[in-house]
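The structure under discussion appears below in the form of structure tokens.
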Amino acid sequence: MNSLGLWCFFCVKLLFQISCAENSDVSRWIQDDHIILIFLAVIACILSPFAIVFLFWYCSGFHSKDPERGRLINKNEENVAVILEKDDKEKEDMRKRIDFLEKCCCRDTIVLDADTAHPRLEVFEEGKSVRDSGTVRKVATDSTRFDSHTFILATEGFTSGKHYWEVNVGKKNNWELGVASESVGRKGTLTLCPKNGFWVIALVDGRDYWARTEPWTRLTVRKKPQKIGIFLDIANKQLSFYDVHSQIPMYTFTITDGDGRKGKLYPFFSTGITTARPDHEPLRLCPKEE
């Protein structure tokens, strides 16, 4: 700012000396009709540094440095890059949605098997819904029944083909969904993991989503889903989970022969860990027309 002030002072002083010069031609020229021109010249001299500063700011504001190549990049190029990146993401999401819709064509009719249900579980709506009653009921002892965890299987298992079903989890804060091998244990403490014949994802305490791998894998979920789509492709040894509303995959297991797979693969359901506060809202199998 000091330099700018000196420049203005110098310009005014120079013009003043010119106006006071003894040269008669110049004096007459000043004293006649050119006072306005001299005034404008003074203003131009004063404003010229500001114009230079503005031009410097304007040019530098529309460019940024490329840290990798050390060159100036126009900000319009950056905006175009952001738009292209957004377009690529939208195309990828669209591809995932198309893939999801193709899987829906393999939709199965799933029915819950009350004979496998933990005594706290109540199966109703002709095997389409299950909830935690919070009370251990008197039920027939069966070798297929889970006795230590609130687990239940479907009546039908699969050995081949592609199969898809949807589960309405509503606003439940705890649930576990997936498939289980026909050979899994039914009595005592069980650990959900592929090695033990379970391929399952879960919601815990209404906020944490996990794939029951070893160790557990935390899942990134954009918005709490109310419907979970499950697609089993036995030939390709894959089990995929989808948020039905967004039609975006949540997680995919690879079911290898080295895991605990023996016999058929059954749709698996759980209302959450038994030590959690009972949540009476049911898990509901969605009909095909939904």
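Letters for chains follow the order of the structure tokens (A, B, ...), residue numbers begin at 1 for each chain, and ligand numbers begin at 1 in the order shown.
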Legend entry - Backbone DSSP call of strand (DSSP E) for stretch 126-225 of chain A, listed as number ranges by chain: A: 129-132, 151-153, 162-168, 175-181, 198-204, 208-211, 217-218
Identify, on the basis of only C-alpha atoms, every residue whose closest approach to A:Asp142 does not exceed 10 Å; exclude the query and any residue fewer than 6 positions from it along the same chain; express the result as a compact mmCIF listing (two decimals) with N, CA, C and O atoms, in the first residue's frame.
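Below you can see result_22.txt, which holds the result:
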```
# COMPACT_ATOMS: atom_id res chain seq x y z
N ASP A 115 -40.63 -75.61 12.85
CA ASP A 115 -39.97 -76.70 13.58
C ASP A 115 -38.50 -76.39 13.86
O ASP A 115 -37.89 -77.06 14.70
N THR A 116 -37.93 -75.42 13.16
CA THR A 116 -36.53 -75.05 13.41
C THR A 116 -36.42 -73.83 14.32
O THR A 116 -35.31 -73.47 14.74
N ALA A 117 -37.54 -73.19 14.65
CA ALA A 117 -37.53 -71.90 15.35
C ALA A 117 -37.18 -72.05 16.82
O ALA A 117 -37.66 -72.96 17.52
N ARG A 186 -27.55 -77.17 15.74
CA ARG A 186 -28.81 -76.57 16.18
C ARG A 186 -28.85 -76.39 17.70
O ARG A 186 -29.73 -75.67 18.20
```
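Distances from A:Leu283, A:Val139, A:Ile255, A:Leu153 to A:Trp199 were compared using only C-alpha atoms, and the smallest one belongs to A:Ile255.
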Legend entry - Which of A:Leu121, A:Leu285, A:Ile52, A:Leu265 sits closest to A:Ser183 [using only C-alpha atoms]: A:Leu265
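Across the structure, atom CA of A:His245 and atom CA of A:Gly197 are spaced 28.8 Å apart.
Of the listed residues (A:Asp279, A:Asp208, A:Glu182, A:Glu166), A:Glu166 comes nearest to A:Asp108; the distances count only C-alpha atoms.
Atom CA of A:Ile230 to atom CA of A:Thr135 spans 29.3 Å [interatomic distance, one decimal].
Comparing A:Pro119, A:Val221, A:Ala114, A:Ala202 by their smallest distance to A:Gly134, the closest is A:Pro119 (using only C-alpha atoms).
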Legend entry - Contacts of A:Phe268 at 7 Å (only C-alpha atoms; same-chain gap of 4+ positions) as a VMD selection string: chain A and resid 152 to 154 177 to 180
Could you save those same residues with all heavy atoms as an mmCIF file, in the first residue's frame?
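Wrote selection12.cif, looks like this:
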```
data_model
loop_
_atom_site.group_PDB
_atom_site.id
_atom_site.type_symbol
_atom_site.label_atom_id
_atom_site.label_comp_id
_atom_site.auth_asym_id
_atom_site.auth_seq_id
_atom_site.Cartn_x
_atom_site.Cartn_y
_atom_site.Cartn_z
ATOM 1 N N ILE A 152 -34.049 -69.229 12.817
ATOM 2 C CA ILE A 152 -35.062 -70.036 12.143
ATOM 3 C C ILE A 152 -34.656 -70.180 10.681
ATOM 4 O O ILE A 152 -34.053 -69.268 10.101
ATOM 5 C CB ILE A 152 -36.465 -69.395 12.266
ATOM 6 C CG1 ILE A 152 -37.527 -70.304 11.613
ATOM 7 C CG2 ILE A 152 -36.491 -67.999 11.677
ATOM 8 C CD1 ILE A 152 -38.959 -69.813 11.838
ATOM 9 N N LEU A 153 -34.983 -71.335 10.074
ATOM 10 C CA LEU A 153 -34.689 -71.588 8.666
ATOM 11 C C LEU A 153 -35.984 -71.644 7.858
ATOM 12 O O LEU A 153 -37.079 -71.705 8.435
ATOM 13 C CB LEU A 153 -33.935 -72.910 8.513
ATOM 14 C CG LEU A 153 -32.608 -73.057 9.252
ATOM 15 C CD1 LEU A 153 -32.008 -74.436 8.982
ATOM 16 C CD2 LEU A 153 -31.638 -71.959 8.861
ATOM 17 N N ALA A 154 -35.839 -71.653 6.554
ATOM 18 C CA ALA A 154 -36.989 -71.850 5.666
ATOM 19 C C ALA A 154 -37.272 -73.338 5.526
ATOM 20 O O ALA A 154 -36.442 -74.190 5.872
ATOM 21 C CB ALA A 154 -36.706 -71.230 4.302
ATOM 22 N N LEU A 177 -29.708 -62.023 8.535
ATOM 23 C CA LEU A 177 -30.302 -62.671 7.373
ATOM 24 C C LEU A 177 -29.205 -63.294 6.512
ATOM 25 O O LEU A 177 -28.089 -62.787 6.461
ATOM 26 C CB LEU A 177 -31.084 -61.654 6.531
ATOM 27 C CG LEU A 177 -32.242 -60.918 7.204
ATOM 28 C CD1 LEU A 177 -32.744 -59.808 6.295
ATOM 29 C CD2 LEU A 177 -33.367 -61.891 7.544
ATOM 30 N N GLY A 178 -29.560 -64.354 5.801
ATOM 31 C CA GLY A 178 -28.615 -64.975 4.882
ATOM 32 C C GLY A 178 -29.019 -66.394 4.555
ATOM 33 O O GLY A 178 -30.211 -66.697 4.379
ATOM 34 N N VAL A 179 -28.022 -67.272 4.487
ATOM 35 C CA VAL A 179 -28.282 -68.698 4.267
ATOM 36 C C VAL A 179 -27.438 -69.510 5.239
ATOM 37 O O VAL A 179 -26.405 -69.036 5.741
ATOM 38 C CB VAL A 179 -27.976 -69.138 2.813
ATOM 39 C CG1 VAL A 179 -28.837 -68.388 1.815
ATOM 40 C CG2 VAL A 179 -26.496 -68.984 2.490
ATOM 41 N N ALA A 180 -27.902 -70.723 5.475
ATOM 42 C CA ALA A 180 -27.188 -71.650 6.355
ATOM 43 C C ALA A 180 -27.133 -73.020 5.694
ATOM 44 O O ALA A 180 -28.061 -73.432 4.997
ATOM 45 C CB ALA A 180 -27.880 -71.753 7.708
#
```
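On the backbone of this structure, DSSP gives helix (DSSP H, G or I) within stretch 103-266 of chain A to A:Lys103, A:Cys104, A:Ala114, A:Asp115, A:Thr116, A:Pro194, A:Lys195, A:Asn196.
The closest residue to A:Ser148, picked from A:Gly161, A:Pro225, A:Gly185, A:Gly170 and counting only C-alpha atoms, is A:Gly185.
Using only C-alpha atoms, the shortest contact distance between A:Gly127 and any of A:Lys195, A:Pro282, A:Glu176, A:Asp259 is found at A:Pro282.
Between atom CA of A:Lys172 and atom CA of A:Lys223 there is a distance of 14.0 Å.
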Legend entry - Distance query A:Gly229 at most 6 Å, only C-alpha atoms, self and fewer than 6 positions along chain excluded, as a list in words: Trp165, Glu166, Phe241, Tyr242 and Val244 of chain A
Legend entry - Surrounding residues of A:Gln226 excluding itself and chain neighbours under 2 positions, 7 Å, only C-alpha atoms, as a ChimeraX atom specification: /A:168-171,224,228
Got a sec: who's within 12 Å of A:Phe158, counting only C-alpha atoms, leaving out chain neighbours fewer than 2 positions off, as a PDB file with all heavy atoms, in the first residue's frame?
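Listing of part37.pdb after writing:
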```
ATOM      1  N   ASP A 108     -38.233 -66.450  -5.491  1.00  0.00           N
ATOM      2  CA  ASP A 108     -38.797 -67.696  -4.961  1.00  0.00           C
ATOM      3  C   ASP A 108     -39.884 -67.407  -3.940  1.00  0.00           C
ATOM      4  O   ASP A 108     -39.957 -66.311  -3.372  1.00  0.00           O
ATOM      5  CB  ASP A 108     -37.708 -68.522  -4.276  1.00  0.00           C
ATOM      6  CG  ASP A 108     -36.749 -69.157  -5.263  1.00  0.00           C
ATOM      7  OD1 ASP A 108     -35.897 -68.421  -5.819  1.00  0.00           O
ATOM      8  OD2 ASP A 108     -36.843 -70.362  -5.476  1.00  0.00           O
ATOM      9  N   ILE A 110     -40.782 -68.284  -0.367  1.00  0.00           N
ATOM     10  CA  ILE A 110     -40.115 -68.814   0.820  1.00  0.00           C
ATOM     11  C   ILE A 110     -41.128 -68.916   1.957  1.00  0.00           C
ATOM     12  O   ILE A 110     -41.936 -68.009   2.177  1.00  0.00           O
ATOM     13  CB  ILE A 110     -38.942 -67.911   1.249  1.00  0.00           C
ATOM     14  CG1 ILE A 110     -37.959 -67.710   0.096  1.00  0.00           C
ATOM     15  CG2 ILE A 110     -38.233 -68.485   2.475  1.00  0.00           C
ATOM     16  CD1 ILE A 110     -37.281 -68.969  -0.372  1.00  0.00           C
ATOM     17  N   ALA A 154     -35.839 -71.653   6.554  1.00  0.00           N
ATOM     18  CA  ALA A 154     -36.989 -71.850   5.666  1.00  0.00           C
ATOM     19  C   ALA A 154     -37.272 -73.338   5.526  1.00  0.00           C
ATOM     20  O   ALA A 154     -36.442 -74.190   5.872  1.00  0.00           O
ATOM     21  CB  ALA A 154     -36.706 -71.230   4.302  1.00  0.00           C
ATOM     22  N   THR A 155     -38.442 -73.646   5.012  1.00  0.00           N
ATOM     23  CA  THR A 155     -38.813 -75.056   4.849  1.00  0.00           C
ATOM     24  C   THR A 155     -38.054 -75.721   3.707  1.00  0.00           C
ATOM     25  O   THR A 155     -37.841 -76.928   3.717  1.00  0.00           O
ATOM     26  CB  THR A 155     -40.322 -75.173   4.574  1.00  0.00           C
ATOM     27  OG1 THR A 155     -40.641 -74.377   3.418  1.00  0.00           O
ATOM     28  CG2 THR A 155     -41.132 -74.699   5.762  1.00  0.00           C
ATOM     29  N   GLU A 156     -37.660 -74.926   2.706  1.00  0.00           N
ATOM     30  CA  GLU A 156     -37.015 -75.493   1.511  1.00  0.00           C
ATOM     31  C   GLU A 156     -35.581 -75.009   1.386  1.00  0.00           C
ATOM     32  O   GLU A 156     -35.279 -73.821   1.553  1.00  0.00           O
ATOM     33  CB  GLU A 156     -37.793 -75.092   0.255  1.00  0.00           C
ATOM     34  CG  GLU A 156     -37.231 -75.682  -1.032  1.00  0.00           C
ATOM     35  CD  GLU A 156     -37.989 -75.219  -2.268  1.00  0.00           C
ATOM     36  OE1 GLU A 156     -38.946 -74.442  -2.128  1.00  0.00           O
ATOM     37  OE2 GLU A 156     -37.600 -75.634  -3.389  1.00  0.00           O
ATOM     38  N   SER A 160     -29.013 -76.201  -6.212  1.00  0.00           N
ATOM     39  CA  SER A 160     -28.607 -75.688  -7.528  1.00  0.00           C
ATOM     40  C   SER A 160     -29.499 -74.513  -7.905  1.00  0.00           C
ATOM     41  O   SER A 160     -30.530 -74.248  -7.270  1.00  0.00           O
ATOM     42  CB  SER A 160     -28.701 -76.777  -8.593  1.00  0.00           C
ATOM     43  OG  SER A 160     -30.051 -77.228  -8.720  1.00  0.00           O
ATOM     44  N   GLY A 161     -29.113 -73.826  -8.987  1.00  0.00           N
ATOM     45  CA  GLY A 161     -29.948 -72.766  -9.528  1.00  0.00           C
ATOM     46  C   GLY A 161     -29.706 -71.399  -8.901  1.00  0.00           C
ATOM     47  O   GLY A 161     -28.796 -71.204  -8.084  1.00  0.00           O
ATOM     48  N   LYS A 162     -30.560 -70.453  -9.329  1.00  0.00           N
ATOM     49  CA  LYS A 162     -30.522 -69.088  -8.820  1.00  0.00           C
ATOM     50  C   LYS A 162     -31.815 -68.812  -8.070  1.00  0.00           C
ATOM     51  O   LYS A 162     -32.897 -69.169  -8.542  1.00  0.00           O
ATOM     52  CB  LYS A 162     -30.367 -68.089  -9.980  1.00  0.00           C
ATOM     53  CG  LYS A 162     -29.062 -68.251 -10.753  1.00  0.00           C
ATOM     54  CD  LYS A 162     -28.989 -67.260 -11.918  1.00  0.00           C
ATOM     55  CE  LYS A 162     -27.684 -67.425 -12.683  1.00  0.00           C
ATOM     56  NZ  LYS A 162     -27.581 -66.477 -13.837  1.00  0.00           N
ATOM     57  N   HIS A 163     -31.678 -68.163  -6.919  1.00  0.00           N
ATOM     58  CA  HIS A 163     -32.835 -67.954  -6.056  1.00  0.00           C
ATOM     59  C   HIS A 163     -32.776 -66.554  -5.450  1.00  0.00           C
ATOM     60  O   HIS A 163     -31.712 -66.083  -5.040  1.00  0.00           O
ATOM     61  CB  HIS A 163     -32.865 -69.009  -4.950  1.00  0.00           C
ATOM     62  CG  HIS A 163     -32.758 -70.410  -5.465  1.00  0.00           C
ATOM     63  ND1 HIS A 163     -33.850 -71.125  -5.901  1.00  0.00           N
ATOM     64  CD2 HIS A 163     -31.660 -71.205  -5.658  1.00  0.00           C
ATOM     65  CE1 HIS A 163     -33.434 -72.325  -6.322  1.00  0.00           C
ATOM     66  NE2 HIS A 163     -32.127 -72.388  -6.184  1.00  0.00           N
ATOM     67  N   TYR A 164     -33.960 -65.905  -5.397  1.00  0.00           N
ATOM     68  CA  TYR A 164     -34.022 -64.548  -4.855  1.00  0.00           C
ATOM     69  C   TYR A 164     -35.250 -64.412  -3.969  1.00  0.00           C
ATOM     70  O   TYR A 164     -36.327 -64.904  -4.296  1.00  0.00           O
ATOM     71  CB  TYR A 164     -34.093 -63.531  -6.001  1.00  0.00           C
ATOM     72  CG  TYR A 164     -34.269 -62.103  -5.530  1.00  0.00           C
ATOM     73  CD1 TYR A 164     -33.181 -61.363  -5.082  1.00  0.00           C
ATOM     74  CD2 TYR A 164     -35.531 -61.508  -5.528  1.00  0.00           C
ATOM     75  CE1 TYR A 164     -33.347 -60.057  -4.633  1.00  0.00           C
ATOM     76  CE2 TYR A 164     -35.701 -60.199  -5.089  1.00  0.00           C
ATOM     77  CZ  TYR A 164     -34.602 -59.479  -4.643  1.00  0.00           C
ATOM     78  OH  TYR A 164     -34.763 -58.193  -4.199  1.00  0.00           O
ATOM     79  N   VAL A 179     -28.022 -67.272   4.487  1.00  0.00           N
ATOM     80  CA  VAL A 179     -28.282 -68.698   4.267  1.00  0.00           C
ATOM     81  C   VAL A 179     -27.438 -69.510   5.239  1.00  0.00           C
ATOM     82  O   VAL A 179     -26.405 -69.036   5.741  1.00  0.00           O
ATOM     83  CB  VAL A 179     -27.976 -69.138   2.813  1.00  0.00           C
ATOM     84  CG1 VAL A 179     -28.837 -68.388   1.815  1.00  0.00           C
ATOM     85  CG2 VAL A 179     -26.496 -68.984   2.490  1.00  0.00           C
ATOM     86  N   ALA A 180     -27.902 -70.723   5.475  1.00  0.00           N
ATOM     87  CA  ALA A 180     -27.188 -71.650   6.355  1.00  0.00           C
ATOM     88  C   ALA A 180     -27.133 -73.020   5.694  1.00  0.00           C
ATOM     89  O   ALA A 180     -28.061 -73.432   4.997  1.00  0.00           O
ATOM     90  CB  ALA A 180     -27.880 -71.753   7.708  1.00  0.00           C
ATOM     91  N   SER A 181     -26.045 -73.697   5.930  1.00  0.00           N
ATOM     92  CA  SER A 181     -25.894 -75.060   5.417  1.00  0.00           C
ATOM     93  C   SER A 181     -26.818 -76.008   6.179  1.00  0.00           C
ATOM     94  O   SER A 181     -27.102 -75.813   7.369  1.00  0.00           O
ATOM     95  CB  SER A 181     -24.443 -75.505   5.570  1.00  0.00           C
ATOM     96  OG  SER A 181     -24.301 -76.858   5.189  1.00  0.00           O
ATOM     97  N   GLU A 182     -27.291 -77.013   5.490  1.00  0.00           N
ATOM     98  CA  GLU A 182     -28.183 -78.008   6.097  1.00  0.00           C
ATOM     99  C   GLU A 182     -27.542 -78.664   7.314  1.00  0.00           C
ATOM    100  O   GLU A 182     -28.232 -79.076   8.254  1.00  0.00           O
ATOM    101  CB  GLU A 182     -28.537 -79.065   5.054  1.00  0.00           C
ATOM    102  CG  GLU A 182     -29.530 -80.100   5.511  1.00  0.00           C
ATOM    103  CD  GLU A 182     -29.878 -81.077   4.400  1.00  0.00           C
ATOM    104  OE1 GLU A 182     -29.215 -81.030   3.334  1.00  0.00           O
ATOM    105  OE2 GLU A 182     -30.815 -81.876   4.589  1.00  0.00           O
ATOM    106  N   LEU A 232     -29.148 -65.776  -4.222  1.00  0.00           N
ATOM    107  CA  LEU A 232     -28.255 -66.929  -4.110  1.00  0.00           C
ATOM    108  C   LEU A 232     -28.025 -67.515  -5.492  1.00  0.00           C
ATOM    109  O   LEU A 232     -28.971 -67.960  -6.140  1.00  0.00           O
ATOM    110  CB  LEU A 232     -28.865 -67.980  -3.174  1.00  0.00           C
ATOM    111  CG  LEU A 232     -28.122 -69.308  -3.043  1.00  0.00           C
ATOM    112  CD1 LEU A 232     -26.732 -69.109  -2.446  1.00  0.00           C
ATOM    113  CD2 LEU A 232     -28.941 -70.298  -2.196  1.00  0.00           C
ATOM    114  N   ASP A 233     -26.777 -67.512  -5.922  1.00  0.00           N
ATOM    115  CA  ASP A 233     -26.389 -68.095  -7.208  1.00  0.00           C
ATOM    116  C   ASP A 233     -25.443 -69.259  -6.900  1.00  0.00           C
ATOM    117  O   ASP A 233     -24.247 -69.070  -6.691  1.00  0.00           O
ATOM    118  CB  ASP A 233     -25.692 -67.044  -8.076  1.00  0.00           C
ATOM    119  CG  ASP A 233     -25.370 -67.555  -9.475  1.00  0.00           C
ATOM    120  OD1 ASP A 233     -25.458 -68.779  -9.705  1.00  0.00           O
ATOM    121  OD2 ASP A 233     -25.011 -66.733 -10.328  1.00  0.00           O
ATOM    122  N   ILE A 234     -26.008 -70.453  -6.852  1.00  0.00           N
ATOM    123  CA  ILE A 234     -25.228 -71.610  -6.401  1.00  0.00           C
ATOM    124  C   ILE A 234     -24.151 -71.982  -7.410  1.00  0.00           C
ATOM    125  O   ILE A 234     -23.024 -72.329  -7.038  1.00  0.00           O
ATOM    126  CB  ILE A 234     -26.173 -72.801  -6.116  1.00  0.00           C
ATOM    127  CG1 ILE A 234     -27.078 -72.441  -4.934  1.00  0.00           C
ATOM    128  CG2 ILE A 234     -25.367 -74.079  -5.810  1.00  0.00           C
ATOM    129  CD1 ILE A 234     -28.071 -73.521  -4.557  1.00  0.00           C
ATOM    130  N   ALA A 235     -24.451 -71.916  -8.708  1.00  0.00           N
ATOM    131  CA  ALA A 235     -23.466 -72.281  -9.725  1.00  0.00           C
ATOM    132  C   ALA A 235     -22.230 -71.385  -9.638  1.00  0.00           C
ATOM    133  O   ALA A 235     -21.095 -71.855  -9.785  1.00  0.00           O
ATOM    134  CB  ALA A 235     -24.095 -72.193 -11.112  1.00  0.00           C
ATOM    135  N   ARG A 261     -20.015 -75.651   3.940  1.00  0.00           N
ATOM    136  CA  ARG A 261     -21.165 -76.026   3.127  1.00  0.00           C
ATOM    137  C   ARG A 261     -21.283 -77.545   3.014  1.00  0.00           C
ATOM    138  O   ARG A 261     -20.402 -78.217   2.473  1.00  0.00           O
ATOM    139  CB  ARG A 261     -21.045 -75.403   1.739  1.00  0.00           C
ATOM    140  CG  ARG A 261     -22.168 -75.817   0.800  1.00  0.00           C
ATOM    141  CD  ARG A 261     -21.979 -75.238  -0.579  1.00  0.00           C
ATOM    142  NE  ARG A 261     -22.941 -75.782  -1.516  1.00  0.00           N
ATOM    143  CZ  ARG A 261     -22.964 -75.525  -2.815  1.00  0.00           C
ATOM    144  NH1 ARG A 261     -22.061 -74.713  -3.334  1.00  0.00           N
ATOM    145  NH2 ARG A 261     -23.875 -76.065  -3.600  1.00  0.00           N
ATOM    146  N   LYS A 262     -22.381 -78.075   3.516  1.00  0.00           N
ATOM    147  CA  LYS A 262     -22.680 -79.506   3.403  1.00  0.00           C
ATOM    148  C   LYS A 262     -24.179 -79.655   3.225  1.00  0.00           C
ATOM    149  O   LYS A 262     -24.964 -79.168   4.040  1.00  0.00           O
ATOM    150  CB  LYS A 262     -22.222 -80.264   4.654  1.00  0.00           C
ATOM    151  CG  LYS A 262     -20.713 -80.304   4.837  1.00  0.00           C
ATOM    152  CD  LYS A 262     -20.333 -81.086   6.090  1.00  0.00           C
ATOM    153  CE  LYS A 262     -18.833 -81.111   6.300  1.00  0.00           C
ATOM    154  NZ  LYS A 262     -18.463 -81.826   7.548  1.00  0.00           N
ATOM    155  N   GLY A 263     -24.567 -80.293   2.144  1.00  0.00           N
ATOM    156  CA  GLY A 263     -25.991 -80.471   1.869  1.00  0.00           C
ATOM    157  C   GLY A 263     -26.609 -79.225   1.284  1.00  0.00           C
ATOM    158  O   GLY A 263     -25.951 -78.404   0.636  1.00  0.00           O
ATOM    159  N   LYS A 264     -27.880 -79.042   1.518  1.00  0.00           N
ATOM    160  CA  LYS A 264     -28.620 -77.926   0.941  1.00  0.00           C
ATOM    161  C   LYS A 264     -28.274 -76.610   1.646  1.00  0.00           C
ATOM    162  O   LYS A 264     -27.783 -76.602   2.773  1.00  0.00           O
ATOM    163  CB  LYS A 264     -30.126 -78.188   1.063  1.00  0.00           C
ATOM    164  CG  LYS A 264     -30.623 -79.387   0.273  1.00  0.00           C
ATOM    165  CD  LYS A 264     -32.130 -79.548   0.457  1.00  0.00           C
ATOM    166  CE  LYS A 264     -32.663 -80.726  -0.342  1.00  0.00           C
ATOM    167  NZ  LYS A 264     -34.136 -80.885  -0.171  1.00  0.00           N
ATOM    168  N   LEU A 265     -28.571 -75.511   0.941  1.00  0.00           N
ATOM    169  CA  LEU A 265     -28.443 -74.178   1.519  1.00  0.00           C
ATOM    170  C   LEU A 265     -29.843 -73.646   1.791  1.00  0.00           C
ATOM    171  O   LEU A 265     -30.669 -73.547   0.880  1.00  0.00           O
ATOM    172  CB  LEU A 265     -27.687 -73.248   0.571  1.00  0.00           C
ATOM    173  CG  LEU A 265     -26.207 -73.569   0.360  1.00  0.00           C
ATOM    174  CD1 LEU A 265     -25.622 -72.676  -0.732  1.00  0.00           C
ATOM    175  CD2 LEU A 265     -25.412 -73.402   1.657  1.00  0.00           C
ATOM    176  N   TYR A 266     -30.106 -73.303   3.063  1.00  0.00           N
ATOM    177  CA  TYR A 266     -31.429 -72.865   3.478  1.00  0.00           C
ATOM    178  C   TYR A 266     -31.446 -71.361   3.776  1.00  0.00           C
ATOM    179  O   TYR A 266     -30.518 -70.853   4.426  1.00  0.00           O
ATOM    180  CB  TYR A 266     -31.865 -73.606   4.752  1.00  0.00           C
ATOM    181  CG  TYR A 266     -32.301 -75.035   4.527  1.00  0.00           C
ATOM    182  CD1 TYR A 266     -31.376 -76.069   4.397  1.00  0.00           C
ATOM    183  CD2 TYR A 266     -33.662 -75.362   4.440  1.00  0.00           C
ATOM    184  CE1 TYR A 266     -31.777 -77.382   4.195  1.00  0.00           C
ATOM    185  CE2 TYR A 266     -34.079 -76.679   4.238  1.00  0.00           C
ATOM    186  CZ  TYR A 266     -33.131 -77.673   4.109  1.00  0.00           C
ATOM    187  OH  TYR A 266     -33.533 -78.977   3.900  1.00  0.00           O
ATOM    188  N   PRO A 267     -32.480 -70.642   3.342  1.00  0.00           N
ATOM    189  CA  PRO A 267     -32.643 -69.258   3.790  1.00  0.00           C
ATOM    190  C   PRO A 267     -32.678 -69.210   5.317  1.00  0.00           C
ATOM    191  O   PRO A 267     -33.351 -70.019   5.967  1.00  0.00           O
ATOM    192  CB  PRO A 267     -33.981 -68.840   3.180  1.00  0.00           C
ATOM    193  CG  PRO A 267     -34.093 -69.689   1.946  1.00  0.00           C
ATOM    194  CD  PRO A 267     -33.499 -71.014   2.332  1.00  0.00           C
TER     195      PRO A 267
END
```
